[in-house]
$ cat final.cif   # mmCIF, C-alpha atoms and all ligand atoms
data_upload
#
loop_
_atom_site.label_atom_id
_atom_site.label_comp_id
_atom_site.auth_asym_id
_atom_site.auth_seq_id
_atom_site.Cartn_x
_atom_site.Cartn_y
_atom_site.Cartn_z
CA MET A 237 -21.28 -0.53 2.78
CA GLN A 238 -19.45 2.65 1.89
CA PRO A 239 -15.95 2.27 0.47
CA LEU A 240 -13.06 3.66 2.48
CA LEU A 241 -11.63 5.02 -0.76
CA LYS A 242 -13.35 5.55 -4.06
CA ILE A 243 -11.33 6.61 -7.09
CA GLU A 244 -13.09 7.84 -10.22
CA HIS A 245 -11.89 8.75 -13.72
CA VAL A 246 -8.22 9.09 -12.85
CA SER A 247 -5.96 9.96 -15.78
CA LYS A 248 -2.32 10.95 -15.86
CA SER A 249 0.05 11.50 -18.77
CA PHE A 250 3.77 12.10 -18.84
CA GLY A 251 4.33 13.86 -22.16
CA HIS A 252 2.96 11.46 -24.76
CA VAL A 253 2.79 8.50 -22.38
CA GLU A 254 -0.68 7.87 -20.99
CA ALA A 255 0.31 6.28 -17.69
CA LEU A 256 -3.32 6.12 -16.46
CA ASN A 257 -6.48 6.47 -18.49
CA ASP A 258 -9.86 6.88 -16.79
CA VAL A 259 -9.21 4.48 -13.91
CA GLY A 260 -11.87 3.86 -11.27
CA LEU A 261 -11.55 1.66 -8.18
CA GLU A 262 -13.03 1.17 -4.74
CA VAL A 263 -11.30 -0.11 -1.63
CA TYR A 264 -13.10 -1.19 1.52
CA GLU A 265 -12.05 -1.34 5.14
CA GLY A 266 -10.43 -4.64 6.02
CA GLU A 267 -9.76 -5.79 2.49
CA ILE A 268 -6.63 -6.50 0.51
CA LEU A 269 -6.82 -5.38 -3.09
CA GLY A 270 -4.13 -6.73 -5.41
CA LEU A 271 -3.16 -4.22 -8.08
CA LEU A 272 -1.56 -6.10 -10.94
CA GLY A 273 -0.20 -5.29 -14.37
CA ASP A 274 2.90 -5.66 -16.48
CA ASN A 275 5.89 -3.30 -16.32
CA GLY A 276 4.77 0.20 -17.21
CA ALA A 277 1.05 -0.58 -16.76
CA GLY A 278 0.59 2.39 -14.40
CA LYS A 279 0.58 0.75 -10.96
CA SER A 280 3.23 2.89 -9.30
CA THR A 281 1.78 6.01 -10.90
CA LEU A 282 -1.59 5.26 -9.28
CA ILE A 283 0.09 4.65 -5.92
CA LYS A 284 2.02 7.92 -6.21
CA ILE A 285 -1.20 9.80 -7.01
CA LEU A 286 -2.90 8.27 -3.97
CA SER A 287 0.03 9.16 -1.77
CA GLY A 288 0.01 12.77 -2.99
CA VAL A 289 3.35 12.60 -4.81
CA TYR A 290 1.86 13.10 -8.30
CA ARG A 291 -1.17 15.22 -9.19
CA PRO A 292 -3.53 13.52 -11.63
CA ASP A 293 -4.57 15.34 -14.82
CA GLN A 294 -8.14 14.28 -14.05
CA GLY A 295 -9.91 12.32 -11.40
CA GLN A 296 -11.85 12.42 -8.19
CA PHE A 297 -11.24 10.82 -4.80
CA ASN A 298 -13.66 10.13 -1.96
CA ILE A 299 -12.71 8.94 1.50
CA ASP A 300 -15.62 7.73 3.64
CA GLY A 301 -17.93 9.30 1.06
CA GLN A 302 -16.32 12.75 1.31
CA LEU A 303 -14.61 14.38 -1.65
CA VAL A 304 -10.93 14.90 -0.84
CA HIS A 305 -7.96 16.48 -2.60
CA LEU A 306 -4.69 14.61 -2.38
CA ASN A 307 -2.55 17.66 -2.96
CA ASP A 308 0.67 16.52 -1.34
CA PRO A 309 2.08 13.65 0.73
CA SER A 310 1.28 15.21 4.10
CA THR A 311 -2.38 15.76 3.12
CA ALA A 312 -2.68 12.14 1.98
CA GLN A 313 -1.08 10.99 5.22
CA LYS A 314 -3.47 13.06 7.32
CA LEU A 315 -6.34 11.41 5.45
CA GLY A 316 -5.04 8.02 6.57
CA ILE A 317 -3.30 6.97 3.36
CA ALA A 318 0.05 5.47 4.31
CA THR A 319 2.64 4.44 1.76
CA VAL A 320 5.42 2.00 2.50
CA TYR A 321 8.09 2.75 -0.10
CA GLN A 322 10.52 0.15 -1.30
CA ASP A 323 13.47 1.86 0.41
CA LEU A 324 11.24 1.91 3.54
CA SER A 325 12.55 5.40 4.49
CA LEU A 326 13.86 4.20 7.85
CA VAL A 327 16.67 5.90 9.75
CA ASP A 328 19.15 3.06 10.18
CA THR A 329 21.07 4.59 13.03
CA ARG A 330 18.00 5.17 15.20
CA PRO A 331 16.23 2.61 17.38
CA VAL A 332 13.06 0.81 16.32
CA ALA A 333 10.87 2.87 18.67
CA HIS A 334 12.18 6.14 17.28
CA ASN A 335 11.60 5.01 13.73
CA ILE A 336 8.00 4.09 14.49
CA PHE A 337 7.24 7.62 15.69
CA LEU A 338 9.62 9.50 13.39
CA GLY A 339 8.44 13.08 13.04
CA GLN A 340 5.66 12.53 15.62
CA GLU A 341 7.71 11.60 18.68
CA PRO A 342 5.94 11.93 22.04
CA ARG A 343 7.40 14.85 23.97
CA LYS A 344 7.39 16.09 27.54
CA TYR A 345 6.32 19.74 27.88
CA ASN A 346 6.34 19.78 24.07
CA ILE A 347 10.14 19.88 24.12
CA PHE A 348 11.94 16.85 25.47
CA LEU A 349 11.70 13.51 23.77
CA ASP A 350 9.69 11.19 26.02
CA GLN A 351 11.83 8.10 25.52
CA LYS A 352 9.89 5.89 27.97
CA LYS A 353 6.52 6.69 26.45
CA MET A 354 7.90 6.25 22.95
CA GLU A 355 9.20 2.78 23.82
CA ARG A 356 5.98 1.82 25.60
CA ASP A 357 3.83 2.97 22.70
CA ALA A 358 6.12 1.28 20.17
CA LEU A 359 5.89 -2.00 22.09
CA SER A 360 2.16 -1.75 22.26
CA ILE A 361 1.74 -1.20 18.51
CA LEU A 362 4.14 -4.07 17.74
CA GLU A 363 2.18 -6.34 20.08
CA ARG A 364 -1.09 -5.28 18.53
CA LEU A 365 0.23 -6.25 15.11
CA HIS A 366 1.91 -9.45 16.42
CA ILE A 367 5.28 -8.26 15.19
CA GLN A 368 8.18 -9.88 17.03
CA LEU A 369 11.46 -7.99 17.22
CA PRO A 370 14.48 -8.49 19.49
CA SER A 371 13.81 -5.13 21.20
CA VAL A 372 12.45 -1.68 20.45
CA SER A 373 15.72 -0.10 21.56
CA VAL A 374 17.99 -1.71 18.96
CA ASP A 375 18.98 0.33 15.94
CA VAL A 376 17.06 -0.53 12.79
CA GLU A 377 20.30 -1.31 10.92
CA VAL A 378 20.74 -4.59 12.82
CA LEU A 379 17.33 -5.92 11.76
CA SER A 380 16.66 -8.33 8.89
CA GLY A 381 14.90 -7.16 5.72
CA GLY A 382 11.58 -8.60 6.86
CA GLN A 383 11.86 -7.01 10.29
CA ARG A 384 12.65 -3.65 8.70
CA GLN A 385 9.61 -4.02 6.47
CA ALA A 386 7.53 -4.75 9.59
CA VAL A 387 8.87 -1.62 11.31
CA ALA A 388 7.95 0.49 8.27
CA ILE A 389 4.42 -0.97 8.31
CA ALA A 390 4.10 -0.46 12.08
CA ARG A 391 5.08 3.16 11.58
CA ALA A 392 2.42 3.61 8.89
CA ILE A 393 -0.21 2.27 11.29
CA ALA A 394 1.12 4.14 14.34
CA GLN A 395 0.88 7.37 12.38
CA GLY A 396 -2.80 6.85 11.63
CA GLY A 397 -2.75 4.82 8.42
CA ARG A 398 -6.11 3.24 7.49
CA LEU A 399 -5.23 2.50 3.89
CA LEU A 400 -1.81 1.01 3.37
CA LEU A 401 -0.17 1.19 -0.04
CA LEU A 402 2.44 -1.52 -0.50
CA ASP A 403 4.42 -1.38 -3.76
CA GLU A 404 6.20 -4.73 -4.13
CA PRO A 405 6.75 -5.26 -0.40
CA TRP A 406 8.71 -8.47 -0.74
CA ALA A 407 10.82 -7.66 -3.77
CA ALA A 408 13.97 -7.90 -1.63
CA LEU A 409 12.87 -10.51 0.90
CA GLY A 410 13.62 -14.20 1.31
CA VAL A 411 11.00 -16.92 1.56
CA GLU A 412 10.54 -16.92 5.32
CA GLN A 413 10.52 -13.15 5.65
CA THR A 414 8.00 -12.90 2.83
CA GLN A 415 5.74 -15.28 4.75
CA LYS A 416 5.99 -13.03 7.80
CA VAL A 417 5.00 -9.93 5.86
CA ARG A 418 2.07 -11.86 4.31
CA GLN A 419 1.01 -12.86 7.81
CA LEU A 420 1.24 -9.24 8.93
CA MET A 421 -1.00 -8.16 6.03
CA LYS A 422 -3.62 -10.66 7.20
CA GLU A 423 -3.39 -9.35 10.75
CA LEU A 424 -3.87 -5.78 9.52
CA ARG A 425 -6.90 -6.88 7.55
CA THR A 426 -8.54 -8.35 10.65
CA GLN A 427 -7.99 -4.97 12.32
CA GLY A 428 -9.90 -3.16 9.59
CA VAL A 429 -6.94 -1.72 7.69
CA ALA A 430 -7.35 -1.66 3.90
CA ILE A 431 -4.37 -2.58 1.77
CA ILE A 432 -3.52 -2.01 -1.88
CA LEU A 433 -0.82 -4.50 -2.73
CA ILE A 434 1.30 -4.30 -5.86
CA THR A 435 3.25 -7.41 -6.69
CA HIS A 436 4.66 -9.25 -9.69
CA ASP A 437 4.65 -12.45 -7.66
CA LEU A 438 1.46 -14.15 -8.82
CA SER A 439 2.03 -17.49 -7.13
CA GLU A 440 -0.02 -16.73 -4.02
CA ILE A 441 -1.87 -13.64 -5.11
CA LEU A 442 -5.31 -15.25 -5.11
CA GLN A 443 -4.81 -16.46 -1.55
CA ASP A 444 -3.39 -13.16 -0.32
CA THR A 445 -6.05 -10.83 -1.69
CA ASP A 446 -9.81 -10.37 -1.48
CA ARG A 447 -10.03 -8.73 -4.87
CA ILE A 448 -7.80 -8.09 -7.82
CA ALA A 449 -7.62 -5.21 -10.27
CA VAL A 450 -5.53 -5.46 -13.43
CA LEU A 451 -4.11 -2.46 -15.28
CA ARG A 452 -2.95 -2.73 -18.85
CA GLN A 453 -1.41 0.23 -20.66
CA GLY A 454 -2.90 2.59 -18.13
CA ARG A 455 -6.45 1.24 -18.25
CA LEU A 456 -8.30 -0.87 -15.74
CA ILE A 457 -9.07 -3.90 -17.90
CA GLY A 458 -10.12 -6.45 -15.33
CA SER A 459 -11.32 -6.76 -11.77
CA THR A 460 -12.62 -9.72 -9.85
CA GLU A 461 -13.15 -11.27 -6.47
CA SER A 462 -10.04 -13.36 -5.90
CA GLY A 463 -12.18 -16.44 -5.28
CA GLN A 464 -13.76 -16.10 -8.73
CA SER A 465 -10.61 -16.22 -10.79
CA SER A 466 -7.56 -18.34 -11.49
CA GLN A 467 -3.89 -17.65 -11.92
CA HIS A 468 -4.23 -18.63 -15.58
CA GLU A 469 -6.92 -16.00 -16.12
CA ILE A 470 -5.03 -13.28 -14.25
CA ILE A 471 -1.89 -13.89 -16.28
CA GLY A 472 -4.02 -13.79 -19.44
CA TRP A 473 -5.48 -10.42 -18.42
CA ILE A 474 -2.05 -9.01 -17.63
CA THR A 475 -0.51 -10.09 -20.93
CA GLY A 476 -3.61 -9.41 -23.01
CA ALA A 477 -3.98 -13.08 -24.03
CA ILE A 478 -7.42 -13.16 -22.36
CA LYS A 479 -9.87 -10.29 -22.63
CA GLY A 480 -10.39 -8.67 -19.24
CA GLU A 481 -13.71 -8.32 -17.46
CA ILE A 482 -14.82 -5.83 -14.84
CA ARG A 483 -16.62 -8.20 -12.52
CA SER A 484 -16.41 -6.37 -9.29
CA SER A 485 -15.69 -2.79 -8.46
CA ALA A 486 -16.71 -3.49 -4.91
CA ARG A 487 -16.51 -6.29 -2.40
CA LEU A 488 -19.57 -8.53 -2.35
CA GLN A 489 -21.52 -8.04 0.82
N1 LIG B 1 7.96 10.53 -13.66
C1 LIG B 1 7.73 10.00 -14.85
N2 LIG B 1 8.10 10.65 -15.99
C2 LIG B 1 7.85 10.15 -17.20
N3 LIG B 1 7.25 8.96 -17.42
C3 LIG B 1 6.85 8.27 -16.33
C4 LIG B 1 7.07 8.75 -15.00
N4 LIG B 1 6.57 7.84 -14.13
C5 LIG B 1 6.06 6.85 -14.88
N5 LIG B 1 6.23 7.11 -16.20
C6 LIG B 1 5.76 6.25 -17.32
O1 LIG B 1 4.41 5.93 -17.06
C7 LIG B 1 4.16 4.56 -17.39
C8 LIG B 1 3.64 3.84 -16.15
O2 LIG B 1 4.70 3.69 -15.24
P1 LIG B 1 4.54 3.05 -13.79
O3 LIG B 1 5.82 3.29 -13.07
O4 LIG B 1 3.30 3.54 -13.17
O5 LIG B 1 4.39 1.51 -14.15
P2 LIG B 1 4.29 0.24 -13.19
O6 LIG B 1 3.02 -0.44 -13.50
O7 LIG B 1 4.55 0.64 -11.79
O8 LIG B 1 5.50 -0.64 -13.75
P3 LIG B 1 6.54 -1.60 -12.96
O9 LIG B 1 5.83 -2.90 -12.76
O10 LIG B 1 7.66 -1.73 -13.95
O11 LIG B 1 6.94 -0.94 -11.69
C9 LIG B 1 5.45 4.00 -17.94
O12 LIG B 1 5.41 4.11 -19.36
C10 LIG B 1 6.50 4.93 -17.37
O13 LIG B 1 7.63 5.00 -18.19
MG MG B 2 6.06 0.21 -10.42
#

$ encode --input "final.cif" --output "structure tokens"
Amino acid sequence: MQPLLKIEHVSKSFGHVEALNDVGLEVYEGEILGLLGDNGAGKSTLIKILSGVYRPDQGQFNIDGQLVHLNDPSTAQKLGIATVYQDLSLVDTRPVAHNIFLGQEPRKYNIFLDQKKMERDALSILERLHIQLPSVSVDVEVLSGGQRQAVAIARAIAQGGRLLLLDEPWAALGVEQTQKVRQLMKELRTQGVAIILITHDLSEILQDTDRIAVLRQGRLIGSTESGQSSQHEIIGWITGAIKGEIRSSARLQ
């Protein structure tokens, strides 16, 4: 099976800091890849390169086997790479439906906002993802943190995202809301969306992911099927107490 995204030899320095050094990874449709590593390991830098925010010093990217150039955020987005940032970039004073289609609102005669269609389409994407909200016409500011997160993810999918980049999606969420976002990730996986998940929360990481990749000081030092590792080992890889192993660059077929 061909990976959705293949990254090869990605390096990036900021002055004397080598944030990433010759990193290679593959991500497949319908899989959740956990990207782990201590503070400063290079996780967010890799996410920003994939989302077109930073240009790598070196490296090559293939999507569906085709060489692509992730020159800027809109190019990455057009290629189906959708990033959900921690601030979620929602417009609080606009309704849910409007936020889902922000910048790509359906219009009548190419001019007037087609409110009815926007609400219908928003409802349909929320239903498809099993996201429950009080209504698509309430302003986003009245929603809970978990619901806002769900709206941001729905927008990423509505706007054509096939690979979702989630950088610490539950950093600000409570227990129940975290469970809902985890559930949503599983739903996305069944629909063929690929997810790269960054989290410092290792308690459920092996259950949440199909594979794990560990960065340490900018290098990929370990990767494994989630079922073939343990929390003890992963923590050891992250801290350097256990020597990492590259066991899987790709999902077993
Ligand atoms: N814009 C930047 N300018 C200078 N240095 C940067 C920049 N962005 C990242 N770095 C440095 O690159 C290294 C990797 O940072 P990065 O943010 O990718 O780490 P991270 O794995 O996301 O860490 P955390 O878990 O703390 O979010 C760090 O040493 C960081 O200080
Ligand atoms: Mg980070």

$ closest_residue --input "final.cif" --among "A:Leu379, A:Leu456, A:Leu442, A:Val450" --to "His245 in chain A" --atoms "all atoms listed in the file"
A:Leu456

$ residues_near_ligand --input "final.cif" --ligand "ligand MG 2 (chain B)" --cutoff "7 Å" --atoms "all atoms listed in the file" --output "list in words"
Asn275, Gly276, Lys279 and Ser280 of chain A

$ closest_residue --input "final.cif" --among "A:Asp293, A:Asp323, A:Asp403, A:Glu254" --to "Ile431 in chain A" --atoms "only C-alpha atoms"
A:Asp403

$ atom_distance --input "final.cif" --atom1 "CA of Val411 in chain A" --atom2 "CA of His334 in chain A"
27.9 Å

$ atom_distance --input "final.cif" --atom1 "CA of Lys248 in chain A" --atom2 "CA of Gln467 in chain A"
28.9 Å

$ closest_atom_pairs --input "final.cif" --of "chain A" --to "ligand LIG 1 (chain B)" --cutoff "9 Å" --atoms "all atoms listed in the file" --output "tab-separated table"
residue	atom	partner	partner_atom	distance
A:Lys248	CA	B:LIG1	O1	8.5
A:Ser249	CA	B:LIG1	O1	7.3
A:Phe250	CA	B:LIG1	C2	4.8
A:Gly251	CA	B:LIG1	C2	7.1
A:His252	CA	B:LIG1	N3	8.9
A:Val253	CA	B:LIG1	O12	5.9
A:Glu254	CA	B:LIG1	O1	6.7
A:Ala255	CA	B:LIG1	O1	4.2
A:Leu256	CA	B:LIG1	C8	7.3
A:Leu272	CA	B:LIG1	O6	7.7
A:Gly273	CA	B:LIG1	O6	5.9
A:Asp274	CA	B:LIG1	O9	5.5
A:Asn275	CA	B:LIG1	O10	3.3
A:Gly276	CA	B:LIG1	O5	3.4
A:Ala277	CA	B:LIG1	O6	3.8
A:Gly278	CA	B:LIG1	O4	3.2
A:Lys279	CA	B:LIG1	O6	3.7
A:Ser280	CA	B:LIG1	O7	3.6
A:Thr281	CA	B:LIG1	O4	3.7
A:Leu282	CA	B:LIG1	O4	6.5
A:Ile283	CA	B:LIG1	O4	8.0
A:Lys284	CA	B:LIG1	O4	8.3
A:Tyr290	CA	B:LIG1	N1	8.5
A:Asp403	CA	B:LIG1	O7	8.3
A:Glu404	CA	B:LIG1	O11	8.5
A:Ile434	CA	B:LIG1	O9	8.4
A:Thr435	CA	B:LIG1	O9	8.0
A:His436	CA	B:LIG1	O9	7.1
A:Leu451	CA	B:LIG1	O6	7.6
A:Arg452	CA	B:LIG1	O6	8.3
A:Gln453	CA	B:LIG1	C8	7.7
A:Gly454	CA	B:LIG1	C8	6.9

$ write_last_selection --input "final.cif" --atoms "C-alpha atoms" --output "mmCIF file, in the coordinates of the input"
data_model
loop_
_atom_site.group_PDB
_atom_site.id
_atom_site.type_symbol
_atom_site.label_atom_id
_atom_site.label_comp_id
_atom_site.auth_asym_id
_atom_site.auth_seq_id
_atom_site.Cartn_x
_atom_site.Cartn_y
_atom_site.Cartn_z
ATOM 1 C CA LYS A 248 -2.320 10.950 -15.860
ATOM 2 C CA SER A 249 0.050 11.500 -18.770
ATOM 3 C CA PHE A 250 3.770 12.100 -18.840
ATOM 4 C CA GLY A 251 4.330 13.860 -22.160
ATOM 5 C CA HIS A 252 2.960 11.460 -24.760
ATOM 6 C CA VAL A 253 2.790 8.500 -22.380
ATOM 7 C CA GLU A 254 -0.680 7.870 -20.990
ATOM 8 C CA ALA A 255 0.310 6.280 -17.690
ATOM 9 C CA LEU A 256 -3.320 6.120 -16.460
ATOM 10 C CA LEU A 272 -1.560 -6.100 -10.940
ATOM 11 C CA GLY A 273 -0.200 -5.290 -14.370
ATOM 12 C CA ASP A 274 2.900 -5.660 -16.480
ATOM 13 C CA ASN A 275 5.890 -3.300 -16.320
ATOM 14 C CA GLY A 276 4.770 0.200 -17.210
ATOM 15 C CA ALA A 277 1.050 -0.580 -16.760
ATOM 16 C CA GLY A 278 0.590 2.390 -14.400
ATOM 17 C CA LYS A 279 0.580 0.750 -10.960
ATOM 18 C CA SER A 280 3.230 2.890 -9.300
ATOM 19 C CA THR A 281 1.780 6.010 -10.900
ATOM 20 C CA LEU A 282 -1.590 5.260 -9.280
ATOM 21 C CA ILE A 283 0.090 4.650 -5.920
ATOM 22 C CA LYS A 284 2.020 7.920 -6.210
ATOM 23 C CA TYR A 290 1.860 13.100 -8.300
ATOM 24 C CA ASP A 403 4.420 -1.380 -3.760
ATOM 25 C CA GLU A 404 6.200 -4.730 -4.130
ATOM 26 C CA ILE A 434 1.300 -4.300 -5.860
ATOM 27 C CA THR A 435 3.250 -7.410 -6.690
ATOM 28 C CA HIS A 436 4.660 -9.250 -9.690
ATOM 29 C CA LEU A 451 -4.110 -2.460 -15.280
ATOM 30 C CA ARG A 452 -2.950 -2.730 -18.850
ATOM 31 C CA GLN A 453 -1.410 0.230 -20.660
ATOM 32 C CA GLY A 454 -2.900 2.590 -18.130
#

$ atom_distance --input "final.cif" --atom1 "CA of Gln294 in chain A" --atom2 "CA of Leu399 in chain A"
21.7 Å

$ decode --input "final.cif" --residues "range 438-460 of chain A" --atoms "N, CA and C atoms" --output "PDB file, in the first residue's frame"
ATOM      1  N   LEU A 438       0.952  10.493  27.881  1.00  0.00           N
ATOM      2  CA  LEU A 438       1.317   9.144  27.419  1.00  0.00           C
ATOM      3  C   LEU A 438       0.412   8.062  27.979  1.00  0.00           C
ATOM      4  N   SER A 439      -0.558   8.467  28.817  1.00  0.00           N
ATOM      5  CA  SER A 439      -1.318   7.439  29.528  1.00  0.00           C
ATOM      6  C   SER A 439      -2.102   6.547  28.576  1.00  0.00           C
ATOM      7  N   GLU A 440      -2.660   7.112  27.505  1.00  0.00           N
ATOM      8  CA  GLU A 440      -3.484   6.280  26.630  1.00  0.00           C
ATOM      9  C   GLU A 440      -2.945   6.238  25.211  1.00  0.00           C
ATOM     10  N   ILE A 441      -1.694   6.647  25.066  1.00  0.00           N
ATOM     11  CA  ILE A 441      -1.152   6.826  23.725  1.00  0.00           C
ATOM     12  C   ILE A 441      -1.121   5.512  22.927  1.00  0.00           C
ATOM     13  N   LEU A 442      -0.832   4.413  23.617  1.00  0.00           N
ATOM     14  CA  LEU A 442      -0.741   3.145  22.881  1.00  0.00           C
ATOM     15  C   LEU A 442      -2.113   2.671  22.414  1.00  0.00           C
ATOM     16  N   GLN A 443      -3.149   3.059  23.155  1.00  0.00           N
ATOM     17  CA  GLN A 443      -4.510   2.710  22.714  1.00  0.00           C
ATOM     18  C   GLN A 443      -4.987   3.630  21.593  1.00  0.00           C
ATOM     19  N   ASP A 444      -4.555   4.879  21.647  1.00  0.00           N
ATOM     20  CA  ASP A 444      -5.083   5.872  20.706  1.00  0.00           C
ATOM     21  C   ASP A 444      -4.456   5.794  19.323  1.00  0.00           C
ATOM     22  N   THR A 445      -3.256   5.228  19.235  1.00  0.00           N
ATOM     23  CA  THR A 445      -2.507   5.320  17.985  1.00  0.00           C
ATOM     24  C   THR A 445      -2.301   3.946  17.350  1.00  0.00           C
ATOM     25  N   ASP A 446      -2.018   3.948  16.063  1.00  0.00           N
ATOM     26  CA  ASP A 446      -1.636   2.705  15.381  1.00  0.00           C
ATOM     27  C   ASP A 446      -0.126   2.536  15.420  1.00  0.00           C
ATOM     28  N   ARG A 447       0.562   3.650  15.289  1.00  0.00           N
ATOM     29  CA  ARG A 447       2.025   3.630  15.326  1.00  0.00           C
ATOM     30  C   ARG A 447       2.513   4.818  16.113  1.00  0.00           C
ATOM     31  N   ILE A 448       3.782   4.725  16.504  1.00  0.00           N
ATOM     32  CA  ILE A 448       4.383   5.808  17.269  1.00  0.00           C
ATOM     33  C   ILE A 448       5.753   6.123  16.680  1.00  0.00           C
ATOM     34  N   ALA A 449       6.069   7.401  16.620  1.00  0.00           N
ATOM     35  CA  ALA A 449       7.411   7.818  16.212  1.00  0.00           C
ATOM     36  C   ALA A 449       7.938   8.746  17.297  1.00  0.00           C
ATOM     37  N   VAL A 450       9.180   8.524  17.696  1.00  0.00           N
ATOM     38  CA  VAL A 450       9.751   9.332  18.780  1.00  0.00           C
ATOM     39  C   VAL A 450      10.920  10.160  18.250  1.00  0.00           C
ATOM     40  N   LEU A 451      10.841  11.465  18.490  1.00  0.00           N
ATOM     41  CA  LEU A 451      11.942  12.367  18.144  1.00  0.00           C
ATOM     42  C   LEU A 451      12.736  12.672  19.406  1.00  0.00           C
ATOM     43  N   ARG A 452      14.039  12.740  19.226  1.00  0.00           N
ATOM     44  CA  ARG A 452      14.899  13.153  20.337  1.00  0.00           C
ATOM     45  C   ARG A 452      15.993  14.038  19.761  1.00  0.00           C
ATOM     46  N   GLN A 453      16.051  15.266  20.259  1.00  0.00           N
ATOM     47  CA  GLN A 453      17.020  16.256  19.780  1.00  0.00           C
ATOM     48  C   GLN A 453      17.036  16.322  18.263  1.00  0.00           C
ATOM     49  N   GLY A 454      15.834  16.336  17.699  1.00  0.00           N
ATOM     50  CA  GLY A 454      15.695  16.552  16.261  1.00  0.00           C
ATOM     51  C   GLY A 454      15.850  15.318  15.400  1.00  0.00           C
ATOM     52  N   ARG A 455      16.168  14.185  16.019  1.00  0.00           N
ATOM     53  CA  ARG A 455      16.315  12.954  15.216  1.00  0.00           C
ATOM     54  C   ARG A 455      15.196  11.981  15.525  1.00  0.00           C
ATOM     55  N   LEU A 456      14.813  11.222  14.493  1.00  0.00           N
ATOM     56  CA  LEU A 456      13.862  10.140  14.717  1.00  0.00           C
ATOM     57  C   LEU A 456      14.647   8.986  15.330  1.00  0.00           C
ATOM     58  N   ILE A 457      14.397   8.695  16.607  1.00  0.00           N
ATOM     59  CA  ILE A 457      15.213   7.665  17.263  1.00  0.00           C
ATOM     60  C   ILE A 457      14.443   6.374  17.514  1.00  0.00           C
ATOM     61  N   GLY A 458      13.141   6.416  17.321  1.00  0.00           N
ATOM     62  CA  GLY A 458      12.378   5.188  17.530  1.00  0.00           C
ATOM     63  C   GLY A 458      11.061   5.241  16.797  1.00  0.00           C
ATOM     64  N   SER A 459      10.641   4.092  16.275  1.00  0.00           N
ATOM     65  CA  SER A 459       9.288   4.005  15.728  1.00  0.00           C
ATOM     66  C   SER A 459       8.816   2.566  15.865  1.00  0.00           C
ATOM     67  N   THR A 460       7.543   2.420  16.130  1.00  0.00           N
ATOM     68  CA  THR A 460       7.008   1.089  16.389  1.00  0.00           C
ATOM     69  C   THR A 460       5.510   1.052  16.146  1.00  0.00           C
TER      70      THR A 460
END
